[in-house]
Structures are given as structure tokens and as C-alpha cells.
file entry.cif (mmCIF, C-alpha atoms and all ligand atoms)
data_model
#
loop_
_atom_site.label_atom_id
_atom_site.label_comp_id
_atom_site.auth_asym_id
_atom_site.auth_seq_id
_atom_site.Cartn_x
_atom_site.Cartn_y
_atom_site.Cartn_z
CA MET S 1399 -25.45 10.54 -8.99
CA ASN S 1400 -22.21 11.75 -7.37
CA ALA S 1401 -20.13 9.43 -5.21
CA PRO S 1402 -21.77 8.81 -1.80
CA LEU S 1403 -20.63 11.09 1.01
CA ARG S 1404 -17.59 10.12 2.97
CA VAL S 1405 -18.31 7.43 5.56
CA PRO S 1406 -16.95 7.94 9.11
CA ILE S 1407 -13.96 5.69 9.79
CA GLU S 1408 -13.20 4.38 13.26
CA VAL S 1409 -9.44 4.51 13.66
CA PRO S 1410 -7.88 2.25 16.32
CA ASN S 1411 -5.08 3.42 18.60
CA ALA S 1412 -1.74 2.62 17.06
CA ALA S 1413 -0.08 -0.40 18.68
CA VAL S 1414 2.74 0.62 20.96
CA ARG S 1415 6.01 -1.15 20.37
CA ASP S 1416 7.25 -3.22 23.28
CA CYS S 1417 10.12 -1.03 24.51
CA THR S 1418 10.81 -3.33 27.45
CA GLN S 1419 11.93 -6.14 25.17
CA SER S 1420 15.64 -6.96 25.53
CA ILE S 1421 17.86 -7.62 22.55
CA ALA S 1422 18.12 -11.26 23.62
CA GLU S 1423 14.30 -11.60 23.69
CA ARG S 1424 13.98 -9.90 20.34
CA ASN S 1425 16.60 -12.21 18.80
CA ALA S 1426 14.89 -15.27 20.29
CA LEU S 1427 11.55 -14.23 18.75
CA MET S 1428 13.17 -13.65 15.35
CA ALA S 1429 14.86 -17.07 15.53
CA ARG S 1430 11.61 -18.80 16.57
CA ALA S 1431 9.68 -17.17 13.70
CA SER S 1432 12.37 -18.19 11.27
CA VAL S 1433 12.21 -21.85 12.37
CA LEU S 1434 8.41 -21.88 12.18
CA LEU S 1435 8.41 -20.43 8.66
CA ALA S 1436 10.67 -23.27 7.52
CA GLU S 1437 8.68 -25.95 9.40
CA GLN S 1438 5.40 -24.73 7.94
CA ASP S 1439 6.74 -24.43 4.36
CA ALA S 1440 5.79 -20.76 4.56
CA VAL S 1441 7.16 -17.62 2.97
CA LEU S 1442 6.85 -14.21 4.61
CA VAL S 1443 5.95 -11.21 2.46
CA ALA S 1444 5.93 -7.87 4.23
CA HIS S 1445 4.84 -4.41 3.17
CA TYR S 1446 7.23 -1.45 3.32
CA TYR S 1447 5.03 0.10 6.04
CA THR S 1448 5.34 -2.77 8.53
CA ASP S 1449 7.65 -2.93 11.53
CA ALA S 1450 11.37 -3.09 10.64
CA ASP S 1451 11.80 -6.48 12.35
CA LEU S 1452 9.21 -8.05 10.05
CA GLN S 1453 10.97 -6.57 7.04
CA ILE S 1454 14.32 -7.91 8.28
CA LEU S 1455 12.80 -11.34 8.91
CA ALA S 1456 11.25 -11.45 5.43
CA ASP S 1457 14.60 -10.60 3.85
CA GLN S 1458 16.55 -13.07 6.02
CA THR S 1459 14.23 -16.02 5.38
CA GLY S 1460 13.97 -15.75 1.59
CA GLY S 1461 10.70 -13.78 1.61
CA ASN S 1462 10.12 -10.34 0.21
CA VAL S 1463 9.50 -6.74 1.26
CA ALA S 1464 7.51 -4.85 -1.34
CA ASP S 1465 4.39 -2.91 -2.31
CA SER S 1466 1.03 -4.70 -2.31
CA LEU S 1467 1.16 -5.86 -5.91
CA GLU S 1468 4.69 -7.20 -5.74
CA MET S 1469 3.86 -8.96 -2.46
CA ALA S 1470 1.01 -10.87 -4.13
CA ARG S 1471 3.02 -11.60 -7.26
CA PHE S 1472 5.99 -12.85 -5.23
CA GLY S 1473 3.77 -15.09 -3.10
CA ARG S 1474 2.10 -16.53 -6.19
CA ASP S 1475 5.41 -17.35 -7.87
CA HIS S 1476 7.12 -18.73 -4.75
CA ARG S 1477 7.19 -22.51 -4.26
CA ALA S 1478 6.01 -22.33 -0.60
CA SER S 1479 2.56 -23.77 0.11
CA THR S 1480 1.79 -21.07 2.72
CA ILE S 1481 2.09 -17.31 2.25
CA VAL S 1482 2.17 -15.19 5.38
CA VAL S 1483 1.17 -11.65 4.48
CA SER S 1484 2.38 -9.01 6.89
CA GLY S 1485 0.38 -5.91 6.06
CA VAL S 1486 -3.31 -5.10 5.93
CA ARG S 1487 -6.27 -7.24 5.01
CA PHE S 1488 -6.71 -6.30 1.36
CA MET S 1489 -3.10 -7.44 0.81
CA GLY S 1490 -3.89 -10.88 2.19
CA GLU S 1491 -7.00 -11.02 0.01
CA THR S 1492 -5.03 -10.03 -3.08
CA ALA S 1493 -2.52 -12.80 -2.36
CA LYS S 1494 -5.38 -15.31 -2.03
CA ILE S 1495 -7.03 -14.09 -5.25
CA LEU S 1496 -3.81 -14.80 -7.13
CA SER S 1497 -2.96 -18.01 -5.23
CA PRO S 1498 -6.25 -19.83 -4.55
CA ASN S 1499 -4.54 -23.15 -3.87
CA LYS S 1500 -2.18 -21.80 -1.25
CA ARG S 1501 -2.85 -21.17 2.42
CA VAL S 1502 -2.67 -17.42 3.12
CA LEU S 1503 -2.22 -16.35 6.75
CA MET S 1504 -2.04 -12.89 8.31
CA PRO S 1505 -0.64 -11.84 11.71
CA ASN S 1506 -3.82 -9.88 12.46
CA LEU S 1507 -7.10 -10.06 10.52
CA ASP S 1508 -8.31 -6.81 12.11
CA ALA S 1509 -5.56 -4.90 10.33
CA THR S 1510 -7.50 -3.06 7.67
CA CYS S 1511 -7.25 0.23 5.77
CA SER S 1512 -9.35 3.40 5.81
CA LEU S 1513 -9.62 3.26 2.01
CA ASP S 1514 -11.01 -0.26 2.09
CA LEU S 1515 -13.41 0.71 4.93
CA SER S 1516 -14.66 3.74 2.99
CA CYS S 1517 -15.79 1.66 0.03
CA LYS S 1518 -18.46 -0.84 1.01
CA PRO S 1519 -19.22 -3.36 -1.76
CA ASP S 1520 -23.00 -2.77 -1.88
CA ALA S 1521 -22.80 1.03 -2.01
CA PHE S 1522 -20.05 0.83 -4.58
CA ALA S 1523 -21.95 -1.64 -6.76
CA SER S 1524 -25.03 0.58 -6.86
CA PHE S 1525 -22.85 3.62 -7.66
CA CYS S 1526 -21.38 1.68 -10.60
CA ASP S 1527 -24.87 0.58 -11.67
CA ASP S 1528 -25.87 4.25 -11.86
CA HIS S 1529 -23.06 4.91 -14.35
CA PRO S 1530 -23.02 1.94 -16.72
CA ASP S 1531 -21.20 3.96 -19.39
CA ARG S 1532 -18.06 4.30 -17.25
CA THR S 1533 -15.05 2.00 -16.95
CA VAL S 1534 -14.55 1.04 -13.31
CA VAL S 1535 -11.00 1.48 -12.03
CA VAL S 1536 -10.29 0.60 -8.39
CA TYR S 1537 -7.18 1.03 -6.34
CA ALA S 1538 -5.58 -2.10 -4.85
CA ASN S 1539 -6.64 -0.88 -1.37
CA THR S 1540 -10.11 -2.41 -1.67
CA SER S 1541 -11.85 -5.63 -0.65
CA ALA S 1542 -12.09 -8.65 -2.94
CA ALA S 1543 -15.80 -7.87 -3.44
CA VAL S 1544 -15.05 -4.35 -4.69
CA LYS S 1545 -12.32 -5.66 -6.98
CA ALA S 1546 -14.85 -8.16 -8.32
CA ARG S 1547 -17.00 -5.23 -9.50
CA ALA S 1548 -14.11 -3.52 -11.32
CA ASP S 1549 -12.83 -3.53 -14.87
CA TRP S 1550 -9.31 -2.64 -13.72
CA VAL S 1551 -7.41 -2.87 -10.45
CA VAL S 1552 -4.43 -0.51 -10.19
CA THR S 1553 -1.65 0.25 -7.73
CA SER S 1554 -0.14 3.69 -7.22
CA GLY S 1555 2.85 2.58 -9.30
CA ILE S 1556 0.83 1.99 -12.45
CA ALA S 1557 -2.43 3.94 -11.99
CA LEU S 1558 -1.31 6.95 -14.00
CA GLU S 1559 -0.31 4.91 -17.02
CA ILE S 1560 -3.45 2.79 -17.02
CA VAL S 1561 -5.78 5.78 -16.79
CA GLN S 1562 -3.72 7.51 -19.49
CA HIS S 1563 -4.13 4.41 -21.64
CA LEU S 1564 -7.91 4.36 -21.08
CA ALA S 1565 -8.29 8.09 -21.72
CA SER S 1566 -6.30 7.86 -24.94
CA ARG S 1567 -8.45 5.08 -26.41
CA GLY S 1568 -11.44 7.21 -27.38
CA GLY S 1569 -11.64 9.24 -24.15
CA GLU S 1570 -13.07 6.46 -22.02
CA LYS S 1571 -15.05 7.79 -19.03
CA ILE S 1572 -13.96 6.42 -15.68
CA ILE S 1573 -15.22 5.68 -12.19
CA TRP S 1574 -12.31 5.89 -9.75
CA ALA S 1575 -12.34 4.51 -6.19
CA PRO S 1576 -11.64 4.87 -3.39
CA ASP S 1577 -8.80 7.40 -2.80
CA ARG S 1578 -9.96 10.91 -3.67
CA PHE S 1579 -6.49 12.51 -3.52
CA LEU S 1580 -4.85 9.91 -5.74
CA GLY S 1581 -7.87 10.15 -8.07
CA ALA S 1582 -7.63 13.94 -8.24
CA TYR S 1583 -3.89 13.75 -8.92
CA ILE S 1584 -4.41 11.30 -11.79
CA GLN S 1585 -7.25 13.39 -13.17
CA ARG S 1586 -5.01 16.45 -13.11
CA MET S 1587 -2.15 14.64 -14.84
CA THR S 1588 -4.22 12.90 -17.51
CA GLY S 1589 -7.23 15.18 -18.04
CA ALA S 1590 -9.39 12.03 -17.97
CA ASP S 1591 -13.14 12.24 -17.28
CA MET S 1592 -13.27 10.67 -13.79
CA LEU S 1593 -16.02 10.30 -11.21
CA ILE S 1594 -14.16 10.03 -7.93
CA TRP S 1595 -15.15 8.20 -4.71
CA HIS S 1596 -14.70 9.97 -1.35
CA GLY S 1597 -12.17 7.77 0.42
CA SER S 1598 -8.84 8.84 1.88
CA CYS S 1599 -5.88 7.39 3.75
CA VAL S 1600 -5.86 8.44 7.41
CA VAL S 1601 -2.08 8.72 7.31
CA HIS S 1602 -1.46 10.61 4.08
CA GLU S 1603 -4.37 13.02 4.42
CA ARG S 1604 -2.66 14.47 7.53
CA PHE S 1605 0.47 15.76 5.84
CA LYS S 1606 0.40 19.55 6.14
CA ALA S 1607 1.25 21.93 3.31
CA GLU S 1608 2.27 24.90 5.49
CA GLY S 1609 4.55 22.81 7.72
CA LEU S 1610 6.15 21.29 4.64
CA LYS S 1611 6.75 24.74 3.18
CA GLN S 1612 8.61 25.80 6.34
CA LEU S 1613 10.70 22.62 6.42
CA LYS S 1614 11.66 23.05 2.77
CA LYS S 1615 12.81 26.61 3.57
CA GLN S 1616 15.05 25.29 6.35
CA TRP S 1617 16.47 22.59 4.10
CA PRO S 1618 16.70 24.06 0.58
CA GLU S 1619 19.07 21.30 -0.53
CA ALA S 1620 16.60 18.52 0.40
CA VAL S 1621 14.57 16.67 -2.21
CA THR S 1622 10.87 16.31 -1.30
CA LEU S 1623 9.26 12.92 -1.92
CA VAL S 1624 5.46 12.61 -1.74
CA HIS S 1625 3.10 9.66 -2.06
CA PRO S 1626 0.09 10.62 -4.23
CA GLU S 1627 -2.44 9.70 -1.51
CA SER S 1628 -1.46 13.05 0.06
CA PRO S 1629 -3.51 16.28 -0.30
CA PRO S 1630 -2.94 18.32 -3.50
CA GLU S 1631 -1.23 21.24 -1.68
CA VAL S 1632 1.35 18.75 -0.41
CA ILE S 1633 1.75 17.03 -3.79
CA ASP S 1634 2.31 20.44 -5.39
CA GLN S 1635 5.48 20.89 -3.33
CA ALA S 1636 7.00 17.55 -4.32
CA ASP S 1637 10.13 17.03 -6.37
CA VAL S 1638 9.10 13.39 -6.83
CA VAL S 1639 5.54 12.03 -6.63
CA GLY S 1640 5.38 8.26 -6.65
CA SER S 1641 4.55 4.87 -5.20
CA THR S 1642 6.45 3.40 -2.24
CA ALA S 1643 8.86 1.59 -4.56
CA ALA S 1644 9.42 4.77 -6.62
CA LEU S 1645 10.17 6.84 -3.49
CA ILE S 1646 12.71 4.29 -2.21
CA ASN S 1647 14.30 4.25 -5.63
CA ALA S 1648 14.51 8.07 -5.61
CA VAL S 1649 16.45 8.02 -2.31
CA LYS S 1650 18.81 5.44 -3.80
CA SER S 1651 19.36 7.03 -7.19
CA LEU S 1652 19.14 10.82 -6.73
CA ASP S 1653 22.34 12.67 -5.98
CA ALA S 1654 21.04 14.68 -3.00
CA PRO S 1655 22.28 14.71 0.61
CA ALA S 1656 18.83 15.00 2.24
CA PHE S 1657 15.21 14.02 1.64
CA ILE S 1658 11.88 15.09 3.11
CA VAL S 1659 9.48 12.15 2.95
CA ALA S 1660 5.67 12.33 2.95
CA THR S 1661 4.49 8.77 3.35
CA GLU S 1662 4.05 6.18 6.12
CA ARG S 1663 7.13 6.09 8.35
CA GLY S 1664 7.72 2.33 8.06
CA ILE S 1665 9.30 3.10 4.70
CA PHE S 1666 12.36 4.58 6.41
CA HIS S 1667 13.74 1.09 7.09
CA LYS S 1668 14.23 0.36 3.38
CA MET S 1669 15.29 3.93 2.63
CA ARG S 1670 18.04 3.82 5.28
CA GLU S 1671 19.16 0.47 3.95
CA ALA S 1672 19.28 1.88 0.40
CA ALA S 1673 21.17 5.08 1.33
CA PRO S 1674 22.65 4.91 4.84
CA ALA S 1675 24.65 8.13 4.46
CA LYS S 1676 21.71 10.32 3.43
CA LEU S 1677 19.61 12.42 5.80
CA LEU S 1678 15.93 11.40 5.84
CA MET S 1679 13.27 13.64 7.41
CA GLU S 1680 9.57 13.06 8.00
CA ALA S 1681 7.24 15.59 6.39
CA PRO S 1682 5.15 17.41 9.06
CA THR S 1683 1.76 15.97 10.00
CA ALA S 1684 -1.16 17.38 11.98
CA GLY S 1685 0.68 17.48 15.34
CA GLU S 1686 1.89 20.70 16.97
CA GLY S 1687 5.38 20.86 18.48
CA ALA S 1688 6.06 17.84 20.67
CA THR S 1689 2.53 16.50 20.29
CA CYS S 1690 1.66 14.41 17.30
CA GLU S 1691 -1.74 13.38 16.03
CA SER S 1692 -0.74 10.85 13.48
CA CYS S 1693 3.07 10.59 13.42
CA ALA S 1694 2.64 9.19 9.91
CA ARG S 1695 2.11 5.73 11.41
CA CYS S 1696 -0.69 3.60 10.05
CA PRO S 1697 -2.59 2.17 13.05
CA TRP S 1698 -3.48 -0.96 11.12
CA MET S 1699 0.00 -1.66 9.77
CA ALA S 1700 1.18 -1.30 13.37
CA MET S 1701 -0.96 -4.32 14.37
CA ASN S 1702 1.61 -6.59 12.72
CA GLY S 1703 4.45 -7.84 14.89
CA VAL S 1704 6.81 -10.79 15.22
CA ARG S 1705 4.83 -12.17 18.21
CA GLU S 1706 1.61 -12.17 16.14
CA LEU S 1707 3.46 -13.84 13.28
CA ILE S 1708 4.69 -16.62 15.61
CA SER S 1709 1.19 -17.08 16.96
CA VAL S 1710 -0.44 -17.64 13.54
CA LEU S 1711 2.32 -20.01 12.49
CA GLU S 1712 1.86 -22.03 15.69
CA THR S 1713 -1.96 -22.12 15.56
CA GLY S 1714 -2.80 -21.84 11.86
CA GLU S 1715 -5.33 -19.15 12.78
CA ASN S 1716 -6.08 -16.01 10.73
CA GLU S 1717 -6.36 -17.73 7.39
CA ILE S 1718 -7.82 -15.73 4.51
CA HIS S 1719 -10.83 -17.26 2.77
CA ILE S 1720 -12.63 -15.73 -0.23
CA ASP S 1721 -15.85 -16.88 -1.83
CA GLU S 1722 -14.83 -18.61 -5.07
CA THR S 1723 -17.35 -16.70 -7.24
CA VAL S 1724 -16.00 -13.40 -5.92
CA ARG S 1725 -12.41 -14.57 -6.37
CA ARG S 1726 -12.98 -15.61 -9.99
CA ARG S 1727 -14.40 -12.19 -10.79
CA ALA S 1728 -11.74 -10.29 -8.86
CA VAL S 1729 -8.86 -12.06 -10.54
CA ILE S 1730 -9.91 -10.71 -13.97
CA PRO S 1731 -9.17 -6.99 -13.36
CA LEU S 1732 -6.09 -7.94 -11.32
CA ASN S 1733 -4.67 -10.02 -14.16
CA ARG S 1734 -5.54 -7.23 -16.59
CA MET S 1735 -3.24 -4.93 -14.63
CA LEU S 1736 -0.49 -7.57 -14.39
CA GLU S 1737 -0.65 -8.12 -18.16
CA PHE S 1738 -0.52 -4.36 -18.75
CA ALA S 1739 2.53 -4.12 -16.45
CA LYS S 1740 4.22 -7.00 -18.25
CA ARG S 1741 3.65 -5.45 -21.70
CA ARG S 1742 4.91 -2.10 -20.44
CA ALA S 1743 8.08 -3.70 -19.00
CA MET S 1744 8.66 -5.46 -22.33
CA ARG S 1745 8.23 -2.14 -24.15
CA VAL S 1746 10.68 -0.41 -21.80
CA ARG S 1747 13.21 -3.22 -22.24
CA GLY S 1748 12.66 -3.13 -26.00
CA ASN S 1749 13.35 0.60 -26.07
CA ALA S 1750 16.41 0.38 -23.83
S1 LIG W 1801 -1.20 3.74 5.29
FE1 LIG W 1801 -3.21 4.47 4.58
S2 LIG W 1801 -3.50 3.44 2.61
FE2 LIG W 1801 -1.88 2.32 3.71
S3 LIG W 1801 -2.96 0.71 4.83
FE3 LIG W 1801 -2.78 2.45 6.25
S4 LIG W 1801 -4.72 3.57 5.99
FE4 LIG W 1801 -4.52 2.20 4.22
#
call {"tool": "encode", "arguments": {"input": "entry.cif", "output": "C-alpha cells"}}
result
Amino acid sequence: MNAPLRVPIEVPNAAVRDCTQSIAERNALMARASVLLAEQDAVLVAHYYTDADLQILADQTGGNVADSLEMARFGRDHRASTIVVSGVRFMGETAKILSPNKRVLMPNLDATCSLDLSCKPDAFASFCDDHPDRTVVVYANTSAAVKARADWVVTSGIALEIVQHLASRGGEKIIWAPDRFLGAYIQRMTGADMLIWHGSCVVHERFKAEGLKQLKKQWPEAVTLVHPESPPEVIDQADVVGSTAALINAVKSLDAPAFIVATERGIFHKMREAAPAKLLMEAPTAGEGATCESCARCPWMAMNGVRELISVLETGENEIHIDETVRRRAVIPLNRMLEFAKRRAMRVRGNA
């Protein structure tokens, strides 16, 4: 049986930033959120794709801005009894899986992800049941129930190495879910035998190869950075393909004056911070001229704001709960990845 056909995803309108807010109001909200975090013994962890103010607040209050794995790891290792996860739902669930005894809150529980939505636990479980000879590898952008069915959970930063590792130990056959573009990229790079689910990211799938080609012609000195959830014709034009953390690191470390960036636009906050003198350009999306269909903005990430953060800290609403049986299963493939990452880091340090 091949992977089930792509399920239709209902995409909400992206939240519109409150442009009427004065600087004084904005500063008052930031100060209020900061006080509440301290009062509630809470730490804020924010994803690179969230609003810049949430990233600033996380940095200023001793929290963290990171990719989904690092967010969960940071929250687990932090002494605070409450973790506030600013991002999308699977990130809050991952934090809860790793920190079952902590309270995990989210600014908006409706903030989800098209990859998570595309991979319903029941359909995925029966797909896995049809292929019992295959090792099940799922991307972090999945629900706790899907993770519970997996042998490995991976993030974009470590997926390539883990699949390489599996393929090299006797050519293990793999089920990959849910991102089809990331899966195809890994398959191409590793030659692994992979059955790939039909999910995609509504932001990255809209980057356009032809538009990128034209932009690269205009800016021959620019380095092109692409997240591997993008279509293959876009990935093929990249100078660097990598996770959010890898792309930020490329802006910081590469000696180039300009960069074209194909990933969610929230990442520009950390990129500008890392290299304020460098020119950063958005890779073209599906829009024509002044119109823009996606603007590389994730509609679910955009549901997070400082007002929503204040509200959950004041009310205690939007807590993440996970069935304990599911959590116990889901933590196994997550810890497998963390152990793999730890061994790899030790190897790299040992070789340095
Ligand atoms: S940017 Fe894409 S992968 Fe990330 S949360 Fe939004 S829909 Fe999911």
C-alpha cells in the first residue's frame, strides 16, 4: 500500500499584527509579560518563526529562542516549574513529553501545523501496520500519538544523519512521515529505501523555482539558503540546505554580503541580530508583483503574540495534557534521537 493521498488542509487567515499599537503600549505589554513570567515561575521558549517581540522577550527573561528540539530540551533542563511554549501545538506536546511533571502552557492551542494535520494517528498507524518490515521515522512536526507509533523522531537538523545511519546498518527500509519534500531530499542524499507520506508545509511548498532563478541572476553575489521542506527545484538552487539553526549559522559564518532566504520569514529577526550589516532577501513565493499569496508567513505561528502570552499567564488556560500511555511511548523515539545527537556531538568534539 502506498501512503494515503494528501488530505485537504484548512489554512486560517494569518493574524494581522496590531499596527495601531504605540511604542509605549508595546513596552507596557512586554513589561507585564516579563513580570508574569517571574511571578508564575515560568520560562518562555519561542520558535525562530514567531513574532520578533516574543523572541526578544524570551531572550530578555532568561528563556530561549530555538528550533523545536532545542526548545523542548531547554524547557526540560530549566529549573522553572512552568514552560510557556510560543510556537505551534506539536512543540508544546514535545515539551510535555520530555517534561511530564511540569506545567506546559501555549499562547494559542489552535496554532497547529499543516504537516501535523496531514498525518492523522489512525491512518498513519494502519499504514505502518501494512509495512511491518519498515523502520518508522517521523519528523518532529507530528502529534504525540504519531510519535508514539514511531521508532525514531527526527528534526530537520539531524534527519539526514539518522536515516544515513539506518541505511548503513544493513540497508534498513524506512517509512518516512509526514513531509514529502524533506523525505524526498533525504532519500536523494542517502539512497535509502523510503516510503514517503504525502504531507507538506503550506509555507515552504510555495517557494517558486523560476522566481528564485531570476532573483539569483539579479544578485549573483548572494548566497541562497533553503530549508529542506521546500520543493526539489528550489532545493536544487541552494548554496546551503539546512535546518533553521543551520541557516542562521550560515548567515553568521559565511563571508558573503547578501543572502536569499527560503524559509519562514520570522527567522529574519535572529538573522539580522547575527549579521546586522548583511543584506537579507526573501525568496519569491506564489504571489505576483505587489500581491502575495503566502508571504512566507506561517498562519499558525502568527497566532502567537505577547497579548496571548499575558492572557495564558493570567488565567492558566491553554495547558497541554497528554495521555500518559501515549506519552510513555512517544518519549522512547524522542530520547533515541536525543541520545544519537549526544553521541554525535561527543564524536565531533572527540575529532576536533
Ligand atoms: S512553517 Fe510549515 S512546518 Fe512550520 S509550523 Fe508552519 S506549517 Fe508547520
call {"tool": "atom_distance", "arguments": {"input": "entry.cif", "atom1": "atom CA of Gly1703 of chain S", "atom2": "atom CA of Ala1542 of chain S"}}
result
24.3 Å
call {"tool": "closest_residue", "arguments": {"input": "entry.cif", "among": "S:Arg1424, S:Lys1545, S:Arg1695, S:Arg1705", "to": "Gly1664 of chain S", "atoms": "only C-alpha atoms"}}
result
S:Arg1695
call {"tool": "residues_near_point", "arguments": {"input": "entry.cif", "point": "(-1.8, -15.6, 0.5)", "cutoff": "10 Å", "atoms": "only C-alpha atoms", "output": "number ranges by chain"}}
result
S: 1441-1443, 1469-1471, 1473-1474, 1479-1483, 1489-1504, 1717-1719
call {"tool": "write_last_selection", "arguments": {"input": "entry.cif", "atoms": "C-alpha atoms", "output": "short mmCIF file (atom, residue, chain, number, x, y, z; two decimals), in the coordinates of the input"}}
result
data_model
loop_
_atom_site.label_atom_id
_atom_site.label_comp_id
_atom_site.auth_asym_id
_atom_site.auth_seq_id
_atom_site.Cartn_x
_atom_site.Cartn_y
_atom_site.Cartn_z
CA VAL S 1441 7.16 -17.62 2.97
CA LEU S 1442 6.85 -14.21 4.61
CA VAL S 1443 5.95 -11.21 2.46
CA MET S 1469 3.86 -8.96 -2.46
CA ALA S 1470 1.01 -10.87 -4.13
CA ARG S 1471 3.02 -11.60 -7.26
CA GLY S 1473 3.77 -15.09 -3.10
CA ARG S 1474 2.10 -16.53 -6.19
CA SER S 1479 2.56 -23.77 0.11
CA THR S 1480 1.79 -21.07 2.72
CA ILE S 1481 2.09 -17.31 2.25
CA VAL S 1482 2.17 -15.19 5.38
CA VAL S 1483 1.17 -11.65 4.48
CA MET S 1489 -3.10 -7.44 0.81
CA GLY S 1490 -3.89 -10.88 2.19
CA GLU S 1491 -7.00 -11.02 0.01
CA THR S 1492 -5.03 -10.03 -3.08
CA ALA S 1493 -2.52 -12.80 -2.36
CA LYS S 1494 -5.38 -15.31 -2.03
CA ILE S 1495 -7.03 -14.09 -5.25
CA LEU S 1496 -3.81 -14.80 -7.13
CA SER S 1497 -2.96 -18.01 -5.23
CA PRO S 1498 -6.25 -19.83 -4.55
CA ASN S 1499 -4.54 -23.15 -3.87
CA LYS S 1500 -2.18 -21.80 -1.25
CA ARG S 1501 -2.85 -21.17 2.42
CA VAL S 1502 -2.67 -17.42 3.12
CA LEU S 1503 -2.22 -16.35 6.75
CA MET S 1504 -2.04 -12.89 8.31
CA GLU S 1717 -6.36 -17.73 7.39
CA ILE S 1718 -7.82 -15.73 4.51
CA HIS S 1719 -10.83 -17.26 2.77
#
call {"tool": "residues_around", "arguments": {"input": "entry.cif", "residues": "segment 1634-1641 of chain S", "least_positions_apart": "2", "cutoff": "10 Å", "atoms": "only C-alpha atoms", "output": "number ranges by chain"}}
result
S: 1465, 1553-1557, 1583, 1607, 1610-1611, 1614, 1620-1632, 1643-1648, 1657-1661
call {"tool": "residues_near_ligand", "arguments": {"input": "entry.cif", "ligand": "ligand LIG 1801 (chain W)", "cutoff": "9 Å", "atoms": "only C-alpha atoms and all ligand atoms", "output": "number ranges by chain"}}
result
S: 1447, 1485-1488, 1509-1514, 1539, 1577, 1598-1603, 1627, 1661-1662, 1694-1700
call {"tool": "atom_distance", "arguments": {"input": "entry.cif", "atom1": "atom CA of Cys1693 of chain S", "atom2": "atom CA of Trp1617 of chain S"}}
result
20.3 Å
call {"tool": "residues_near_point", "arguments": {"input": "entry.cif", "point": "(6.7, -2.4, 3.6)", "cutoff": "9 Å", "atoms": "all atoms listed in the file", "output": "PyMOL selection string"}}
result
chain S and resi 1443-1450+1452-1453+1463-1466+1484-1485+1642+1664-1665+1667-1668
call {"tool": "closest_residue", "arguments": {"input": "entry.cif", "among": "S:Glu1706, S:Asp1457, S:Asp1591, S:Asp1451", "to": "Asp1508 of chain S", "atoms": "all atoms listed in the file"}}
result
S:Glu1706
call {"tool": "atom_distance", "arguments": {"input": "entry.cif", "atom1": "atom CA of Leu1455 of chain S", "atom2": "atom CA of Leu1427 of chain S"}}
result
10.3 Å
call {"tool": "closest_residue", "arguments": {"input": "entry.cif", "among": "S:Met1592, S:Arg1586, S:Val1724, S:Arg1734", "to": "Pro1519 of chain S", "atoms": "all atoms listed in the file"}}
result
S:Val1724
call {"tool": "closest_residue", "arguments": {"input": "entry.cif", "among": "S:Arg1742, S:Leu1593, S:Ile1730, S:Leu1613", "to": "Ala1548 of chain S", "atoms": "only C-alpha atoms"}}
result
S:Ile1730
call {"tool": "residues_around", "arguments": {"input": "entry.cif", "residues": "Ala1431 of chain S", "least_positions_apart": "2", "cutoff": "9 Å", "atoms": "only C-alpha atoms", "output": "ChimeraX atom specification"}}
result
/S:1426-1429,1433-1436,1455,1704-1705,1707-1708,1711
call {"tool": "closest_residue", "arguments": {"input": "entry.cif", "among": "S:Glu1570, S:Leu1732, S:Asn1716, S:Gly1461", "to": "Thr1540 of chain S", "atoms": "all atoms listed in the file"}}
result
S:Leu1732
call {"tool": "closest_residue", "arguments": {"input": "entry.cif", "among": "S:Arg1578, S:Val1710, S:Phe1522, S:Asp1721", "to": "Ala1440 of chain S", "atoms": "all atoms listed in the file"}}
result
S:Val1710
